[in-house]
Amino acid sequence: MISISFSAARRAALASLLTLGALAASSPAWAQDKLLRIGIQKSSALHTLQKATGSLEQKLQPLGVSVKWVEFPAGPQLLEGLNVGAVDVGYVGEAPPIFAQAAGAQFVYIGNDPASPQAEAIVVPKDSPIRSVADLKGRKVVLNKGSNVHYLLARLVEQAGIKLADLQVVYLAPADARAAFESRNVDAWVIWDPFLAAAEKQLGARVLADGRGVVNNHQYYLAQRDYATRNPRVIQALFAASVEDGEWLKAHLKQAAARIAPLQGLPVEVVELALRRQAFNVKPITPAVAADQQKIADTFAELKLIPRPIQVSDAVLQAQP
């Protein structure tokens, strides 16, 4: 376990996690699984750190539960892993669960980290004449289709009094988008950390607008419904470890960045900048957070990015009375 003294904030956060015990009040103790298969992405700094330190394994040891870390290249693949039973729990951004639910995937939201609106933004070259979102009208803007930043762009252009149709939107994955941005084949790039931090530190990109006051940019813990119902104590331990390790990370940014950077294949200063904009303090899903996620789902349905409207609340695990 990463060593850190308890703060009042952490004690309050951990106390709130005890409510998860109600999720399976009727489940027999012997039903608890002995293995937690957790799906992560390399861009998840907290889980990269936990995997390296073994802190989650230590938290689960008293329960007799071992951990298997399964790395996925991106959120959609992780959701597919959940859907087919390859992992029990996963950690993703806002958009992948919406697409997965619309496609009929089986999973439930079990928790979320606090909002990190600065961790996604529109960037332009440092010397670009573009000074406002409204200036993007008629310009080429690159992003990853159907991602969190797709929603960010939709909200920002609406706020600026223009429409997505007024832009020349180009859809590329982050690596290809960076190449297009660096070669000046596009005018702006909508992207998230740590790619955002890398663009700022390595390319000198200028932030045109980020998510502050526009979007929340939550990160979610998802699970197979049956697994979450059978294993409330495992979920509690997972959340407790994430709260503790996240608090240590934020209190020791430089030390954490130095440890995480080689594991992510990024410069330390890039990782440190990204960490400064992220928040780690997982809580069970509240109606307000589910409502925020519903707004994104409704926007994606209006843009015809998903095949049908969905009700996010259908995929939120409810506590048993």
# chains A, B, ... in the order shown; residues from 1 in each chain; ligands from 1

$ closest_atom_pairs --of "range 70-163 of chain A" --to "range 30-53 of chain A" --cutoff "9 Å" --atoms "only C-alpha atoms" --output "JSON lines"
{"residue": "A:Val70", "atom": "CA", "partner": "A:Gly39", "partner_atom": "CA", "distance": 4.8}
{"residue": "A:Glu71", "atom": "CA", "partner": "A:Ile40", "partner_atom": "CA", "distance": 5.0}
{"residue": "A:Phe72", "atom": "CA", "partner": "A:Gln41", "partner_atom": "CA", "distance": 5.2}
{"residue": "A:Pro73", "atom": "CA", "partner": "A:Gln41", "partner_atom": "CA", "distance": 6.0}
{"residue": "A:Ala74", "atom": "CA", "partner": "A:Gln41", "partner_atom": "CA", "distance": 6.2}
{"residue": "A:Gly75", "atom": "CA", "partner": "A:Gln41", "partner_atom": "CA", "distance": 7.5}
{"residue": "A:Leu78", "atom": "CA", "partner": "A:Gly39", "partner_atom": "CA", "distance": 6.3}
{"residue": "A:Leu79", "atom": "CA", "partner": "A:Gly39", "partner_atom": "CA", "distance": 8.8}
{"residue": "A:Gly81", "atom": "CA", "partner": "A:Gly39", "partner_atom": "CA", "distance": 7.9}
{"residue": "A:Leu82", "atom": "CA", "partner": "A:Gly39", "partner_atom": "CA", "distance": 8.1}
{"residue": "A:Ala86", "atom": "CA", "partner": "A:Arg37", "partner_atom": "CA", "distance": 7.8}
{"residue": "A:Val87", "atom": "CA", "partner": "A:Arg37", "partner_atom": "CA", "distance": 4.9}
{"residue": "A:Asp88", "atom": "CA", "partner": "A:Arg37", "partner_atom": "CA", "distance": 5.2}
{"residue": "A:Val89", "atom": "CA", "partner": "A:Ile38", "partner_atom": "CA", "distance": 4.8}
{"residue": "A:Gly90", "atom": "CA", "partner": "A:Gly39", "partner_atom": "CA", "distance": 4.4}
{"residue": "A:Tyr91", "atom": "CA", "partner": "A:Ile40", "partner_atom": "CA", "distance": 5.9}
{"residue": "A:Val92", "atom": "CA", "partner": "A:Ile40", "partner_atom": "CA", "distance": 7.8}

$ write_last_selection --atoms "all heavy atoms" --output "short mmCIF file (atom, residue, chain, number, x, y, z; two decimals), in the first residue's frame"
data_model
loop_
_atom_site.label_atom_id
_atom_site.label_comp_id
_atom_site.auth_asym_id
_atom_site.auth_seq_id
_atom_site.Cartn_x
_atom_site.Cartn_y
_atom_site.Cartn_z
N VAL A 70 -5.85 -6.28 -16.75
CA VAL A 70 -6.01 -6.52 -18.19
C VAL A 70 -5.98 -5.16 -18.89
O VAL A 70 -6.86 -4.33 -18.65
CB VAL A 70 -7.32 -7.27 -18.50
CG1 VAL A 70 -7.40 -7.59 -19.99
CG2 VAL A 70 -7.43 -8.55 -17.67
N GLU A 71 -4.99 -4.94 -19.73
CA GLU A 71 -4.85 -3.64 -20.38
C GLU A 71 -5.53 -3.64 -21.75
O GLU A 71 -5.40 -4.59 -22.52
CB GLU A 71 -3.38 -3.28 -20.55
CG GLU A 71 -3.15 -1.87 -21.05
CD GLU A 71 -1.67 -1.50 -21.07
OE1 GLU A 71 -1.03 -1.55 -20.01
OE2 GLU A 71 -1.17 -1.17 -22.17
N PHE A 72 -6.26 -2.57 -22.03
CA PHE A 72 -6.94 -2.39 -23.31
C PHE A 72 -6.43 -1.11 -23.98
O PHE A 72 -6.05 -0.16 -23.30
CB PHE A 72 -8.46 -2.28 -23.11
CG PHE A 72 -9.11 -3.55 -22.62
CD1 PHE A 72 -9.19 -3.84 -21.26
CD2 PHE A 72 -9.62 -4.47 -23.52
CE1 PHE A 72 -9.78 -5.01 -20.81
CE2 PHE A 72 -10.23 -5.65 -23.09
CZ PHE A 72 -10.31 -5.92 -21.72
N PRO A 73 -6.43 -1.06 -25.32
CA PRO A 73 -5.93 0.13 -26.01
C PRO A 73 -6.83 1.34 -25.87
O PRO A 73 -6.37 2.47 -25.98
CB PRO A 73 -5.83 -0.32 -27.48
CG PRO A 73 -6.81 -1.45 -27.60
CD PRO A 73 -6.78 -2.14 -26.27
N ALA A 74 -8.14 1.12 -25.62
CA ALA A 74 -9.07 2.24 -25.52
C ALA A 74 -10.36 1.76 -24.84
O ALA A 74 -10.58 0.57 -24.65
CB ALA A 74 -9.38 2.81 -26.90
N GLY A 75 -11.23 2.74 -24.53
CA GLY A 75 -12.47 2.46 -23.84
C GLY A 75 -13.41 1.49 -24.54
O GLY A 75 -13.96 0.58 -23.90
N LEU A 78 -12.37 -1.99 -24.01
CA LEU A 78 -12.57 -2.38 -22.61
C LEU A 78 -14.03 -2.74 -22.36
O LEU A 78 -14.32 -3.73 -21.68
CB LEU A 78 -12.12 -1.23 -21.70
CG LEU A 78 -11.95 -1.54 -20.20
CD1 LEU A 78 -11.00 -0.54 -19.56
CD2 LEU A 78 -13.28 -1.53 -19.46
N LEU A 79 -14.94 -1.94 -22.91
CA LEU A 79 -16.37 -2.24 -22.75
C LEU A 79 -16.73 -3.57 -23.38
O LEU A 79 -17.55 -4.33 -22.85
CB LEU A 79 -17.21 -1.12 -23.35
CG LEU A 79 -17.74 -0.03 -22.42
CD1 LEU A 79 -18.72 -0.58 -21.40
CD2 LEU A 79 -16.62 0.70 -21.73
N GLY A 81 -14.71 -6.05 -23.57
CA GLY A 81 -14.20 -7.03 -22.63
C GLY A 81 -15.16 -7.27 -21.49
O GLY A 81 -15.38 -8.41 -21.05
N LEU A 82 -15.77 -6.21 -20.98
CA LEU A 82 -16.80 -6.35 -19.93
C LEU A 82 -18.00 -7.13 -20.45
O LEU A 82 -18.53 -8.01 -19.78
CB LEU A 82 -17.26 -4.97 -19.46
CG LEU A 82 -16.67 -4.36 -18.20
CD1 LEU A 82 -17.29 -3.00 -17.95
CD2 LEU A 82 -16.87 -5.26 -16.99
N ALA A 86 -14.67 -10.93 -20.14
CA ALA A 86 -13.22 -11.05 -20.03
C ALA A 86 -12.66 -10.32 -18.81
O ALA A 86 -11.58 -10.64 -18.33
CB ALA A 86 -12.55 -10.52 -21.30
N VAL A 87 -13.40 -9.31 -18.33
CA VAL A 87 -13.02 -8.58 -17.12
C VAL A 87 -14.27 -8.36 -16.27
O VAL A 87 -15.39 -8.46 -16.77
CB VAL A 87 -12.34 -7.22 -17.43
CG1 VAL A 87 -11.00 -7.43 -18.10
CG2 VAL A 87 -13.24 -6.33 -18.28
N ASP A 88 -14.05 -8.08 -15.00
CA ASP A 88 -15.15 -7.88 -14.08
C ASP A 88 -15.47 -6.41 -13.85
O ASP A 88 -16.63 -6.03 -13.66
CB ASP A 88 -14.82 -8.52 -12.72
CG ASP A 88 -14.41 -9.97 -12.85
OD1 ASP A 88 -15.20 -10.76 -13.41
OD2 ASP A 88 -13.30 -10.31 -12.41
N VAL A 89 -14.43 -5.59 -13.83
CA VAL A 89 -14.54 -4.16 -13.56
C VAL A 89 -13.65 -3.42 -14.54
O VAL A 89 -12.60 -3.93 -14.94
CB VAL A 89 -14.12 -3.83 -12.11
CG1 VAL A 89 -14.06 -2.32 -11.87
CG2 VAL A 89 -15.07 -4.48 -11.11
N GLY A 90 -14.07 -2.22 -14.94
CA GLY A 90 -13.26 -1.41 -15.85
C GLY A 90 -13.36 0.06 -15.52
O GLY A 90 -14.27 0.49 -14.79
N TYR A 91 -12.44 0.84 -16.07
CA TYR A 91 -12.36 2.28 -15.80
C TYR A 91 -12.24 3.01 -17.13
O TYR A 91 -11.29 2.79 -17.89
CB TYR A 91 -11.13 2.54 -14.94
CG TYR A 91 -10.93 3.98 -14.50
CD1 TYR A 91 -11.68 4.53 -13.47
CD2 TYR A 91 -9.96 4.78 -15.10
CE1 TYR A 91 -11.48 5.84 -13.04
CE2 TYR A 91 -9.74 6.08 -14.67
CZ TYR A 91 -10.50 6.61 -13.64
OH TYR A 91 -10.29 7.90 -13.23
N VAL A 92 -13.25 3.85 -17.44
CA VAL A 92 -13.30 4.51 -18.74
C VAL A 92 -13.86 5.93 -18.59
O VAL A 92 -14.34 6.31 -17.53
CB VAL A 92 -14.18 3.73 -19.74
CG1 VAL A 92 -13.64 2.36 -20.02
CG2 VAL A 92 -15.62 3.65 -19.23
#

$ select_by_dssp --residues "range 12-196 of chain A" --states "strand (DSSP E or B)" --output "NGL selection string"
:A and (35-41 or 66-72 or 89-92 or 108-112 or 120-124 or 140-143 or 168-171 or 188-192)

$ closest_residue --among "A:Pro97, A:Pro76, A:Gly138, A:Gly111" --to "Ser242 in chain A" --atoms "only C-alpha atoms"
A:Gly111

$ residues_around --residues "range 217-223 of chain A" --least-positions-apart "4" --cutoff "7 Å" --atoms "only C-alpha atoms" --output "list in words"
Asp88, Val89, Gly90, Tyr91, Val92, Gly93, Glu94, Phe107, Val108, Tyr109, Ile110, Gly111, Asn112, Asp113, Pro114, Ala115, Ser116, Pro117, Tyr227 and Ala228 of chain A

$ atom_distance --atom1 "CA of Glu158 in chain A" --atom2 "CA of Asp176 in chain A"
26.5 Å

$ residues_around --residues "Ala102 in chain A" --least-positions-apart "6" --cutoff "10 Å" --atoms "only C-alpha atoms" --output "PDB file with all heavy atoms, in the first residue's frame"
ATOM      1  N   PRO A  96     -17.511   6.010 -24.001  1.00  0.00           N
ATOM      2  CA  PRO A  96     -17.618   4.580 -24.312  1.00  0.00           C
ATOM      3  C   PRO A  96     -18.815   3.866 -23.712  1.00  0.00           C
ATOM      4  O   PRO A  96     -19.458   3.053 -24.396  1.00  0.00           O
ATOM      5  CB  PRO A  96     -16.283   4.017 -23.795  1.00  0.00           C
ATOM      6  CG  PRO A  96     -15.330   5.154 -23.934  1.00  0.00           C
ATOM      7  CD  PRO A  96     -16.141   6.363 -23.549  1.00  0.00           C
ATOM      8  N   ALA A 297     -25.605  11.383 -23.543  1.00  0.00           N
ATOM      9  CA  ALA A 297     -26.303  10.363 -24.344  1.00  0.00           C
ATOM     10  C   ALA A 297     -27.346  11.008 -25.255  1.00  0.00           C
ATOM     11  O   ALA A 297     -27.481  10.640 -26.431  1.00  0.00           O
ATOM     12  CB  ALA A 297     -26.959   9.341 -23.423  1.00  0.00           C
ATOM     13  N   ALA A 301     -27.408  11.035 -29.349  1.00  0.00           N
ATOM     14  CA  ALA A 301     -28.575  10.554 -30.091  1.00  0.00           C
ATOM     15  C   ALA A 301     -29.026  11.601 -31.108  1.00  0.00           C
ATOM     16  O   ALA A 301     -29.352  11.271 -32.254  1.00  0.00           O
ATOM     17  CB  ALA A 301     -29.706  10.212 -29.127  1.00  0.00           C
ATOM     18  N   LEU A 305     -25.009   9.772 -33.499  1.00  0.00           N
ATOM     19  CA  LEU A 305     -23.777   9.029 -33.269  1.00  0.00           C
ATOM     20  C   LEU A 305     -24.058   7.668 -32.652  1.00  0.00           C
ATOM     21  O   LEU A 305     -23.235   6.756 -32.721  1.00  0.00           O
ATOM     22  CB  LEU A 305     -22.844   9.825 -32.355  1.00  0.00           C
ATOM     23  CG  LEU A 305     -22.272  11.117 -32.940  1.00  0.00           C
ATOM     24  CD1 LEU A 305     -21.493  11.884 -31.885  1.00  0.00           C
ATOM     25  CD2 LEU A 305     -21.370  10.810 -34.137  1.00  0.00           C
ATOM     26  N   ILE A 306     -25.226   7.526 -32.010  1.00  0.00           N
ATOM     27  CA  ILE A 306     -25.655   6.231 -31.493  1.00  0.00           C
ATOM     28  C   ILE A 306     -26.960   5.854 -32.191  1.00  0.00           C
ATOM     29  O   ILE A 306     -27.704   6.728 -32.625  1.00  0.00           O
ATOM     30  CB  ILE A 306     -25.831   6.240 -29.959  1.00  0.00           C
ATOM     31  CG1 ILE A 306     -26.813   7.339 -29.516  1.00  0.00           C
ATOM     32  CG2 ILE A 306     -24.488   6.426 -29.271  1.00  0.00           C
ATOM     33  CD1 ILE A 306     -27.090   7.327 -27.996  1.00  0.00           C
ATOM     34  N   PRO A 307     -27.234   4.551 -32.329  1.00  0.00           N
ATOM     35  CA  PRO A 307     -28.385   4.116 -33.135  1.00  0.00           C
ATOM     36  C   PRO A 307     -29.749   4.369 -32.525  1.00  0.00           C
ATOM     37  O   PRO A 307     -30.757   4.348 -33.228  1.00  0.00           O
ATOM     38  CB  PRO A 307     -28.133   2.607 -33.299  1.00  0.00           C
ATOM     39  CG  PRO A 307     -27.310   2.230 -32.104  1.00  0.00           C
ATOM     40  CD  PRO A 307     -26.428   3.413 -31.846  1.00  0.00           C
ATOM     41  N   ARG A 308     -29.788   4.609 -31.211  1.00  0.00           N
ATOM     42  CA  ARG A 308     -31.076   4.805 -30.552  1.00  0.00           C
ATOM     43  C   ARG A 308     -30.860   5.567 -29.251  1.00  0.00           C
ATOM     44  O   ARG A 308     -29.773   5.516 -28.666  1.00  0.00           O
ATOM     45  CB  ARG A 308     -31.732   3.450 -30.242  1.00  0.00           C
ATOM     46  CG  ARG A 308     -30.904   2.590 -29.292  1.00  0.00           C
ATOM     47  CD  ARG A 308     -31.531   1.230 -29.048  1.00  0.00           C
ATOM     48  NE  ARG A 308     -30.716   0.400 -28.164  1.00  0.00           N
ATOM     49  CZ  ARG A 308     -30.770   0.436 -26.833  1.00  0.00           C
ATOM     50  NH1 ARG A 308     -31.634   1.246 -26.230  1.00  0.00           N
ATOM     51  NH2 ARG A 308     -30.004  -0.341 -26.096  1.00  0.00           N
ATOM     52  N   PRO A 309     -31.898   6.258 -28.782  1.00  0.00           N
ATOM     53  CA  PRO A 309     -31.791   6.915 -27.477  1.00  0.00           C
ATOM     54  C   PRO A 309     -31.684   5.869 -26.368  1.00  0.00           C
ATOM     55  O   PRO A 309     -32.199   4.747 -26.505  1.00  0.00           O
ATOM     56  CB  PRO A 309     -33.103   7.696 -27.361  1.00  0.00           C
ATOM     57  CG  PRO A 309     -33.607   7.828 -28.769  1.00  0.00           C
ATOM     58  CD  PRO A 309     -33.171   6.580 -29.463  1.00  0.00           C
ATOM     59  N   ILE A 310     -31.033   6.202 -25.292  1.00  0.00           N
ATOM     60  CA  ILE A 310     -30.898   5.284 -24.156  1.00  0.00           C
ATOM     61  C   ILE A 310     -31.239   6.005 -22.853  1.00  0.00           C
ATOM     62  O   ILE A 310     -31.248   7.235 -22.799  1.00  0.00           O
ATOM     63  CB  ILE A 310     -29.463   4.719 -24.046  1.00  0.00           C
ATOM     64  CG1 ILE A 310     -28.451   5.861 -23.825  1.00  0.00           C
ATOM     65  CG2 ILE A 310     -29.114   3.884 -25.261  1.00  0.00           C
ATOM     66  CD1 ILE A 310     -27.064   5.380 -23.440  1.00  0.00           C
ATOM     67  N   GLN A 311     -31.506   5.226 -21.834  1.00  0.00           N
ATOM     68  CA  GLN A 311     -31.703   5.741 -20.485  1.00  0.00           C
ATOM     69  C   GLN A 311     -30.512   5.276 -19.644  1.00  0.00           C
ATOM     70  O   GLN A 311     -30.396   4.084 -19.324  1.00  0.00           O
ATOM     71  CB  GLN A 311     -33.018   5.239 -19.892  1.00  0.00           C
ATOM     72  CG  GLN A 311     -34.251   5.865 -20.505  1.00  0.00           C
ATOM     73  CD  GLN A 311     -34.292   7.376 -20.289  1.00  0.00           C
ATOM     74  OE1 GLN A 311     -34.007   7.874 -19.200  1.00  0.00           O
ATOM     75  NE2 GLN A 311     -34.640   8.107 -21.349  1.00  0.00           N
ATOM     76  N   VAL A 312     -29.636   6.187 -19.314  1.00  0.00           N
ATOM     77  CA  VAL A 312     -28.443   5.844 -18.551  1.00  0.00           C
ATOM     78  C   VAL A 312     -28.816   5.183 -17.231  1.00  0.00           C
ATOM     79  O   VAL A 312     -28.135   4.256 -16.765  1.00  0.00           O
ATOM     80  CB  VAL A 312     -27.580   7.099 -18.309  1.00  0.00           C
ATOM     81  CG1 VAL A 312     -26.470   6.824 -17.299  1.00  0.00           C
ATOM     82  CG2 VAL A 312     -26.992   7.593 -19.630  1.00  0.00           C
TER      83      VAL A 312
END

$ closest_residue --among "A:Val268, A:Leu153, A:Ala251, A:Ala188" --to "Val141 in chain A" --atoms "only C-alpha atoms"
A:Ala188

$ closest_residue --among "A:Val243, A:Leu263, A:Val84, A:Ala256" --to "Phe280 in chain A" --atoms "only C-alpha atoms"
A:Val243

$ residues_around --residues "His150 in chain A" --least-positions-apart "2" --cutoff "12 Å" --atoms "only C-alpha atoms" --output "ChimeraX atom specification"
/A:94-96,120-122,141-148,152-157,164,169-172,189-192,211,215,217,296-297,299-300,303,305

$ write_last_selection --atoms "N, CA, C and O atoms" --output "compact mmCIF listing (two decimals), in the first residue's frame"
# COMPACT_ATOMS: atom_id res chain seq x y z
N GLU A 94 -16.44 9.14 -20.28
CA GLU A 94 -17.89 9.28 -20.39
C GLU A 94 -18.49 8.63 -21.64
O GLU A 94 -19.58 8.08 -21.60
N ALA A 95 -17.81 8.72 -22.75
CA ALA A 95 -18.42 8.32 -24.02
C ALA A 95 -18.55 6.81 -24.24
O ALA A 95 -19.61 6.34 -24.67
N PRO A 96 -17.51 6.01 -24.00
CA PRO A 96 -17.62 4.58 -24.31
C PRO A 96 -18.82 3.87 -23.71
O PRO A 96 -19.46 3.05 -24.40
N GLU A 120 -9.53 18.11 -20.80
CA GLU A 120 -9.84 18.00 -22.23
C GLU A 120 -10.03 19.41 -22.77
O GLU A 120 -10.52 20.29 -22.07
N ALA A 121 -9.62 19.60 -24.03
CA ALA A 121 -9.63 20.96 -24.58
C ALA A 121 -9.50 20.96 -26.10
O ALA A 121 -9.15 19.95 -26.70
N ILE A 122 -9.79 22.12 -26.67
CA ILE A 122 -9.46 22.40 -28.07
C ILE A 122 -8.11 23.12 -28.07
O ILE A 122 -7.93 24.10 -27.34
N VAL A 141 -11.19 20.78 -38.01
CA VAL A 141 -11.02 20.42 -36.61
C VAL A 141 -10.98 18.91 -36.50
O VAL A 141 -11.89 18.22 -36.96
N VAL A 142 -9.94 18.37 -35.89
CA VAL A 142 -9.78 16.92 -35.80
C VAL A 142 -10.09 16.44 -34.39
O VAL A 142 -9.79 17.11 -33.40
N LEU A 143 -10.73 15.28 -34.31
CA LEU A 143 -11.04 14.67 -33.01
C LEU A 143 -11.33 13.19 -33.20
O LEU A 143 -11.47 12.71 -34.32
N ASN A 144 -11.41 12.50 -32.07
CA ASN A 144 -11.76 11.08 -32.08
C ASN A 144 -13.28 10.96 -32.05
O ASN A 144 -13.91 11.40 -31.08
N LYS A 145 -13.87 10.41 -33.07
CA LYS A 145 -15.33 10.38 -33.20
C LYS A 145 -15.97 9.65 -32.02
O LYS A 145 -15.56 8.57 -31.63
N GLY A 146 -17.02 10.27 -31.48
CA GLY A 146 -17.78 9.64 -30.43
C GLY A 146 -17.09 9.60 -29.08
O GLY A 146 -17.54 8.90 -28.17
N SER A 147 -16.04 10.35 -28.91
CA SER A 147 -15.32 10.37 -27.64
C SER A 147 -15.85 11.49 -26.75
O SER A 147 -16.73 12.26 -27.15
N ASN A 148 -15.30 11.60 -25.55
CA ASN A 148 -15.70 12.67 -24.64
C ASN A 148 -15.56 14.03 -25.30
O ASN A 148 -16.40 14.91 -25.12
N LEU A 152 -17.64 17.68 -25.95
CA LEU A 152 -17.06 18.98 -25.60
C LEU A 152 -17.17 19.95 -26.77
O LEU A 152 -17.61 21.10 -26.61
N LEU A 153 -16.80 19.49 -27.96
CA LEU A 153 -16.88 20.36 -29.13
C LEU A 153 -18.32 20.76 -29.42
O LEU A 153 -18.60 21.94 -29.73
N ALA A 154 -19.24 19.81 -29.33
CA ALA A 154 -20.65 20.12 -29.59
C ALA A 154 -21.16 21.20 -28.64
O ALA A 154 -21.87 22.14 -29.06
N ARG A 155 -20.79 21.12 -27.37
CA ARG A 155 -21.22 22.12 -26.39
C ARG A 155 -20.55 23.47 -26.62
O ARG A 155 -21.18 24.53 -26.50
N LEU A 156 -19.26 23.45 -26.96
CA LEU A 156 -18.53 24.70 -27.15
C LEU A 156 -19.02 25.48 -28.38
O LEU A 156 -19.16 26.71 -28.32
N VAL A 157 -19.29 24.77 -29.47
CA VAL A 157 -19.76 25.49 -30.67
C VAL A 157 -21.17 26.03 -30.45
O VAL A 157 -21.52 27.13 -30.91
N LEU A 164 -21.91 22.42 -35.35
CA LEU A 164 -20.88 21.48 -35.81
C LEU A 164 -20.81 21.44 -37.33
O LEU A 164 -19.73 21.29 -37.91
N VAL A 169 -15.16 18.90 -39.77
CA VAL A 169 -14.73 17.98 -38.73
C VAL A 169 -14.08 16.75 -39.35
O VAL A 169 -14.64 16.10 -40.23
N VAL A 170 -12.87 16.45 -38.88
CA VAL A 170 -12.10 15.30 -39.36
C VAL A 170 -11.98 14.32 -38.21
O VAL A 170 -11.61 14.70 -37.09
N TYR A 171 -12.30 13.05 -38.45
CA TYR A 171 -12.26 12.05 -37.39
C TYR A 171 -11.01 11.19 -37.49
O TYR A 171 -10.80 10.46 -38.48
N LEU A 172 -10.15 11.29 -36.49
CA LEU A 172 -8.94 10.48 -36.43
C LEU A 172 -8.66 10.08 -34.98
O LEU A 172 -9.00 10.80 -34.05
N TRP A 189 -7.35 20.86 -32.81
CA TRP A 189 -7.43 19.47 -32.34
C TRP A 189 -8.18 19.47 -31.01
O TRP A 189 -7.86 20.25 -30.11
N VAL A 190 -9.18 18.61 -30.88
CA VAL A 190 -9.93 18.47 -29.63
C VAL A 190 -9.47 17.17 -28.99
O VAL A 190 -9.68 16.09 -29.57
N ILE A 191 -8.87 17.26 -27.79
CA ILE A 191 -8.18 16.09 -27.26
C ILE A 191 -8.17 16.12 -25.73
O ILE A 191 -8.45 17.15 -25.11
N TRP A 192 -7.85 14.99 -25.14
CA TRP A 192 -7.85 14.82 -23.68
C TRP A 192 -6.43 14.47 -23.21
O TRP A 192 -5.56 14.10 -23.99
N GLY A 211 -12.80 22.40 -20.87
CA GLY A 211 -14.15 22.04 -20.47
C GLY A 211 -14.73 22.83 -19.32
O GLY A 211 -15.90 22.62 -18.97
N VAL A 215 -18.43 21.28 -19.58
CA VAL A 215 -18.62 19.84 -19.38
C VAL A 215 -17.98 19.45 -18.05
O VAL A 215 -17.19 20.20 -17.48
N ASN A 217 -16.56 16.02 -17.58
CA ASN A 217 -15.48 15.07 -17.86
C ASN A 217 -15.23 14.15 -16.67
O ASN A 217 -14.16 14.12 -16.07
N ILE A 296 -25.16 13.76 -22.16
CA ILE A 296 -24.23 13.36 -23.22
C ILE A 296 -24.91 12.35 -24.14
O ILE A 296 -24.82 12.44 -25.36
N ALA A 297 -25.60 11.38 -23.54
CA ALA A 297 -26.30 10.36 -24.34
C ALA A 297 -27.35 11.01 -25.25
O ALA A 297 -27.48 10.64 -26.43
N THR A 299 -27.33 14.07 -26.41
CA THR A 299 -26.63 14.81 -27.47
C THR A 299 -26.14 13.87 -28.55
O THR A 299 -26.28 14.15 -29.75
N PHE A 300 -25.58 12.73 -28.16
CA PHE A 300 -25.09 11.77 -29.15
C PHE A 300 -26.24 11.19 -29.97
O PHE A 300 -26.09 10.90 -31.17
N LEU A 303 -27.17 13.82 -32.52
CA LEU A 303 -26.15 13.88 -33.58
C LEU A 303 -26.11 12.59 -34.40
O LEU A 303 -25.32 12.47 -35.33
N LEU A 305 -25.01 9.77 -33.50
CA LEU A 305 -23.78 9.03 -33.27
C LEU A 305 -24.06 7.67 -32.65
O LEU A 305 -23.24 6.76 -32.72

$ closest_residue --among "A:Lys137, A:His252, A:Arg230, A:Arg184" --to "Ile162 in chain A" --atoms "only C-alpha atoms"
A:Lys137

$ atom_distance --atom1 "CA of Ala119 in chain A" --atom2 "CA of Arg277 in chain A"
5.5 Å

$ atom_distance --atom1 "CA of Leu63 in chain A" --atom2 "CA of Pro284 in chain A"
20.8 Å

$ closest_residue --among "A:Pro267, A:Gly161, A:Pro125, A:Pro194" --to "Leu208 in chain A" --atoms "only C-alpha atoms"
A:Pro125
